[in-house]
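For reference, work.txt is printed below; it contains compact mmCIF, C-alpha atoms.
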```
# COMPACT_ATOMS: atom_id res chain seq x y z
CA MET Q 21 -7.56 4.95 -7.91
CA PRO Q 22 -4.51 2.97 -6.88
CA THR Q 23 -3.20 3.06 -3.34
CA VAL Q 24 0.39 4.20 -3.09
CA TYR Q 25 2.69 3.59 -0.16
CA LEU Q 26 5.44 6.10 0.50
CA GLY Q 27 8.38 5.64 2.84
CA LEU Q 28 9.57 8.82 4.54
CA GLY Q 29 12.81 9.33 6.41
CA THR Q 30 14.84 12.15 7.92
CA ASN Q 31 18.02 12.30 9.98
CA ILE Q 32 18.94 15.98 10.28
CA GLY Q 33 17.19 18.99 11.68
CA TYR Q 34 13.94 18.72 13.59
CA LYS Q 35 13.07 15.21 12.49
CA LYS Q 36 9.49 14.95 13.73
CA GLU Q 37 8.73 18.34 12.19
CA ASN Q 38 10.40 17.27 8.92
CA LEU Q 39 8.13 14.22 8.68
CA THR Q 40 5.04 16.21 9.66
CA ARG Q 41 5.78 18.90 7.06
CA ALA Q 42 6.36 16.27 4.37
CA ILE Q 43 3.06 14.54 5.20
CA GLU Q 44 1.26 17.90 5.08
CA ALA Q 45 2.83 18.74 1.69
CA LEU Q 46 1.93 15.30 0.34
CA SER Q 47 -1.64 15.73 1.60
CA LEU Q 48 -1.92 19.07 -0.20
CA ALA Q 49 -0.71 17.48 -3.43
CA LEU Q 50 -2.48 14.10 -3.20
CA GLY Q 51 -5.41 14.56 -0.84
CA ARG Q 52 -5.94 13.13 2.61
CA TYR Q 53 -3.77 10.14 3.45
CA THR Q 54 -5.50 6.81 4.01
CA SER Q 55 -3.01 5.36 6.53
CA LEU Q 56 -0.06 6.60 8.54
CA SER Q 57 2.32 4.44 10.56
CA SER Q 58 3.99 5.37 13.81
CA PHE Q 59 7.29 7.21 13.61
CA LEU Q 60 10.20 4.82 14.07
CA GLU Q 61 13.72 5.80 15.14
CA THR Q 62 16.39 3.75 13.36
CA ALA Q 63 20.11 3.62 12.73
CA PRO Q 64 21.44 4.81 9.37
CA TRP Q 65 21.31 2.17 6.64
CA GLY Q 66 23.92 1.96 3.90
CA PHE Q 67 26.20 4.70 5.22
CA GLU Q 68 27.89 5.99 8.37
CA SER Q 69 26.35 8.90 10.26
CA ASP Q 70 26.12 10.09 13.85
CA ASN Q 71 22.48 10.99 13.19
CA THR Q 72 19.69 8.46 13.70
CA PHE Q 73 16.71 8.43 11.35
CA LEU Q 74 13.05 8.94 12.00
CA ASN Q 75 10.99 6.91 9.50
CA CYS Q 76 7.35 6.26 8.70
CA VAL Q 77 5.12 4.98 5.92
CA VAL Q 78 2.05 6.80 4.63
CA SER Q 79 -0.50 5.70 2.03
CA PHE Q 80 -2.66 7.68 -0.35
CA GLU Q 81 -5.13 6.97 -3.10
CA THR Q 82 -4.07 8.97 -6.13
CA ASP Q 83 -4.96 9.62 -9.73
CA LEU Q 84 -1.39 10.73 -10.49
CA THR Q 85 0.65 8.49 -12.75
CA PRO Q 86 3.75 6.95 -11.17
CA GLN Q 87 5.95 9.46 -13.00
CA GLU Q 88 3.77 12.39 -11.84
CA LEU Q 89 3.96 11.02 -8.31
CA LEU Q 90 7.76 10.86 -8.54
CA ASP Q 91 7.87 14.46 -9.80
CA THR Q 92 5.63 15.48 -6.89
CA THR Q 93 7.72 13.72 -4.23
CA GLU Q 94 10.96 15.17 -5.62
CA ARG Q 95 9.45 18.68 -5.66
CA ILE Q 96 8.37 18.27 -2.03
CA GLU Q 97 11.84 17.01 -1.05
CA ARG Q 98 13.44 20.08 -2.65
CA GLY Q 99 10.89 22.34 -0.97
CA LEU Q 100 11.82 20.86 2.40
CA GLY Q 101 15.54 21.42 1.87
CA ARG Q 102 16.84 18.27 0.26
CA THR Q 103 19.45 19.30 -2.27
CA VAL Q 104 21.36 16.04 -2.88
CA LYS Q 105 19.66 12.80 -3.97
CA SER Q 106 21.29 9.48 -3.21
CA ASN Q 107 22.75 7.99 -6.34
CA GLY Q 108 24.42 4.69 -7.13
CA GLY Q 109 24.22 3.43 -3.55
CA ILE Q 110 25.91 6.53 -2.12
CA TYR Q 111 23.73 7.87 0.69
CA HIS Q 112 23.86 11.13 2.62
CA ASP Q 113 22.30 12.75 5.67
CA ARG Q 114 19.02 14.34 4.61
CA THR Q 115 16.24 16.58 5.85
CA ILE Q 116 13.70 14.40 4.05
CA ASP Q 117 13.59 11.38 1.80
CA ILE Q 118 10.38 10.23 0.16
CA ASP Q 119 10.48 6.84 -1.54
CA ILE Q 120 7.67 5.36 -3.61
CA LEU Q 121 7.45 1.86 -2.17
CA LEU Q 122 4.37 0.52 -3.93
CA TYR Q 123 1.93 1.86 -6.50
CA GLY Q 124 -1.04 -0.47 -6.36
CA SER Q 125 0.25 -3.82 -7.59
CA GLU Q 126 2.11 -2.29 -10.54
CA ILE Q 127 5.60 -3.32 -11.51
CA ILE Q 128 7.54 -0.51 -13.17
CA LYS Q 129 11.15 -0.40 -14.25
CA THR Q 130 12.38 2.68 -16.09
CA PRO Q 131 15.73 4.46 -15.92
CA ARG Q 132 14.17 6.95 -13.51
CA LEU Q 133 11.74 4.85 -11.47
CA THR Q 134 11.51 1.29 -10.15
CA ILE Q 135 8.36 0.09 -8.38
CA PRO Q 136 8.19 -1.80 -6.09
CA HIS Q 137 11.10 -0.01 -4.48
CA PRO Q 138 14.01 -2.34 -5.27
CA LEU Q 139 15.43 -2.42 -1.71
CA MET Q 140 12.29 -2.25 0.43
CA HIS Q 141 12.30 -5.99 1.21
CA GLN Q 142 15.81 -5.61 2.71
CA ARG Q 143 15.00 -2.66 4.95
CA ALA Q 144 13.45 -3.24 8.35
CA PHE Q 145 12.96 0.54 8.69
CA VAL Q 146 10.54 0.32 5.74
CA LEU Q 147 8.96 -3.05 6.44
CA GLU Q 148 8.18 -2.42 10.11
CA PRO Q 149 6.07 0.72 9.57
CA LEU Q 150 4.58 -0.72 6.36
CA ALA Q 151 3.56 -3.89 8.24
CA GLU Q 152 1.89 -1.68 10.84
CA ILE Q 153 -0.53 -0.27 8.25
CA ALA Q 154 -0.63 -2.98 5.54
CA SER Q 155 0.62 -6.29 6.93
CA ASP Q 156 -1.42 -8.47 4.55
CA LEU Q 157 -0.38 -6.59 1.42
CA VAL Q 158 1.58 -8.87 -0.93
CA HIS Q 159 4.83 -7.68 -2.51
CA PRO Q 160 4.09 -7.81 -6.27
CA THR Q 161 7.40 -9.35 -7.36
CA ILE Q 162 8.42 -11.43 -4.33
CA GLY Q 163 4.97 -12.86 -3.64
CA LYS Q 164 5.23 -12.65 0.16
CA SER Q 165 3.13 -10.52 2.48
CA ILE Q 166 4.66 -7.44 4.07
CA LYS Q 167 4.24 -9.20 7.43
CA GLN Q 168 6.29 -12.18 6.18
CA LEU Q 169 9.02 -9.89 4.83
CA ALA Q 170 9.06 -7.89 8.07
CA ASN Q 171 9.38 -11.12 10.07
CA GLU Q 172 12.34 -12.16 7.94
CA GLN Q 173 14.07 -8.83 8.61
CA ASN Q 174 13.18 -8.71 12.32
CA ASN Q 175 13.71 -12.33 13.36
CA GLY Q 176 10.06 -13.17 13.83
CA LYS Q 177 8.99 -9.99 15.64
CA TYR Q 178 5.74 -9.80 13.64
```
Rewrite the structure of this file - the entire thing - as structure tokens.
Amino acid sequence: MPTVYLGLGTNIGYKKENLTRAIEALSLALGRYTSLSSFLETAPWGFESDNTFLNCVVSFETDLTPQELLDTTERIERGLGRTVKSNGGIYHDRTIDIDILLYGSEIIKTPRLTIPHPLMHQRAFVLEPLAEIASDLVHPTIGKSIKQLANEQNNGKY
């Protein structure tokens, strides 16, 4: 079974509870997680908001297809109160966001799903928690380790 890495974020409501509830819902759907990063407080990325984010990365082994996994994450987001998905680079405050970062070493590009996540290598709030749990993992299209990418985003912190 492939290992999938999911990026979770929340910036409204009870943020720690939002992440915990999302992880619990994912565990019910996918089975026990294999790794979970620390929770990281970050500034909004890509839009203005007075609300900081709480982010983490969690990994699972799954027998779901990438499309089934996307359906599952979107259902969980709706169940936790997310009514508006970001679209076309327009971001909003959200109770929960679940992004599929990596699905094994697969490269997928469909109108509905792109894996690896197309912006993950530009986002320190993804790379830092991902490096915590999978620093040696190599980005399938860029060819650099997560640790290298995190260092590039964080000026050599890793």
I'd like the box whose edges run along x, y and z of the file and which contains every listed atom of region 28-40 of chain Q, padded by 5 Å per side; could you state its centre and edge lengths in Å, one decimal, as lines of an AutoDock Vina configuration file?
```
center_x = 12.0
center_y = 13.9
center_z = 9.1
size_x = 23.9
size_y = 20.2
size_z = 19.2
```
>> Quick one: residues within 12 Å of Asp70 (chain Q), all atoms listed in the file, excluding same-chain residues fewer than 2 positions away - as a VMD selection string?
In response: chain Q and resid 31 to 32 62 to 65 67 to 68 72 to 73 112 to 113
Keeping only C-alpha atoms, write those residues as a compact mmCIF listing (two decimals), in the frame of the given file.
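To be explicit, this is the file written out as out_30.txt:
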```txt
# COMPACT_ATOMS: atom_id res chain seq x y z
CA ASN Q 31 18.02 12.30 9.98
CA ILE Q 32 18.94 15.98 10.28
CA THR Q 62 16.39 3.75 13.36
CA ALA Q 63 20.11 3.62 12.73
CA PRO Q 64 21.44 4.81 9.37
CA TRP Q 65 21.31 2.17 6.64
CA PHE Q 67 26.20 4.70 5.22
CA GLU Q 68 27.89 5.99 8.37
CA THR Q 72 19.69 8.46 13.70
CA PHE Q 73 16.71 8.43 11.35
CA HIS Q 112 23.86 11.13 2.62
CA ASP Q 113 22.30 12.75 5.67
```
> For Ser58 (chain Q), which residue out of Q:Ile166, Q:Ile116, Q:Met21, Q:Leu150 is the nearest one, using only C-alpha atoms?
Replying inline: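 Ranking Q:Ile166, Q:Ile116, Q:Met21, Q:Leu150 by distance to Ser58 (chain Q), first place goes to Q:Leu150.
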>> Could you check which residues have any atom within 12 Å of (10.7, 4.6, -0.7), counting only C-alpha atoms with coordinates taken straight from the file, and then list them as a ChimeraX atom specification?
In response: /Q:24-29,75-79,90,93-94,106,116-123,133-143,145-147,149-150
> For Ser47 (chain Q), which residue out of Q:Thr82, Q:Ser69, Q:Gln173, Q:Thr30 is the nearest one, using only C-alpha atoms?
Replying inline: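 Closest candidate: Q:Thr82.
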> What does the distance from CA of Pro160 (chain Q) to CA of Glu148 (chain Q) come to in Å, to one decimal?
Replying inline: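 Those two atoms sit 17.7 Å apart.
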> Can you tell me how far CA of Leu157 (chain Q) sits from CA of Leu74 (chain Q), in Å to one decimal?
Replying inline: 23.1 Å
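If all atoms listed in the file are the atoms counted, then among Q:Val158, Q:Ala45, Q:Ala151, Q:Leu89 the closest residue to Ser57 (chain Q) is Q:Ala151.
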> Neighbours of Gly51 (chain Q) within 12 Å (all atoms listed in the file; same-chain residues fewer than 3 positions away dropped), as a list in words?
Replying inline: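 The neighbour list is Thr23, Ile43, Glu44, Ala45, Leu46, Ser47, Leu48, Thr54, Ser79, Phe80, Glu81, Thr82, Asp83 and Leu84 of chain Q.
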> Do you have the CA of Gly101 (chain Q)-CA of Asn71 (chain Q) distance handy?
Replying inline: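 According to the coordinates, CA of Gly101 (chain Q) and CA of Asn71 (chain Q) are separated by 16.9 Å.
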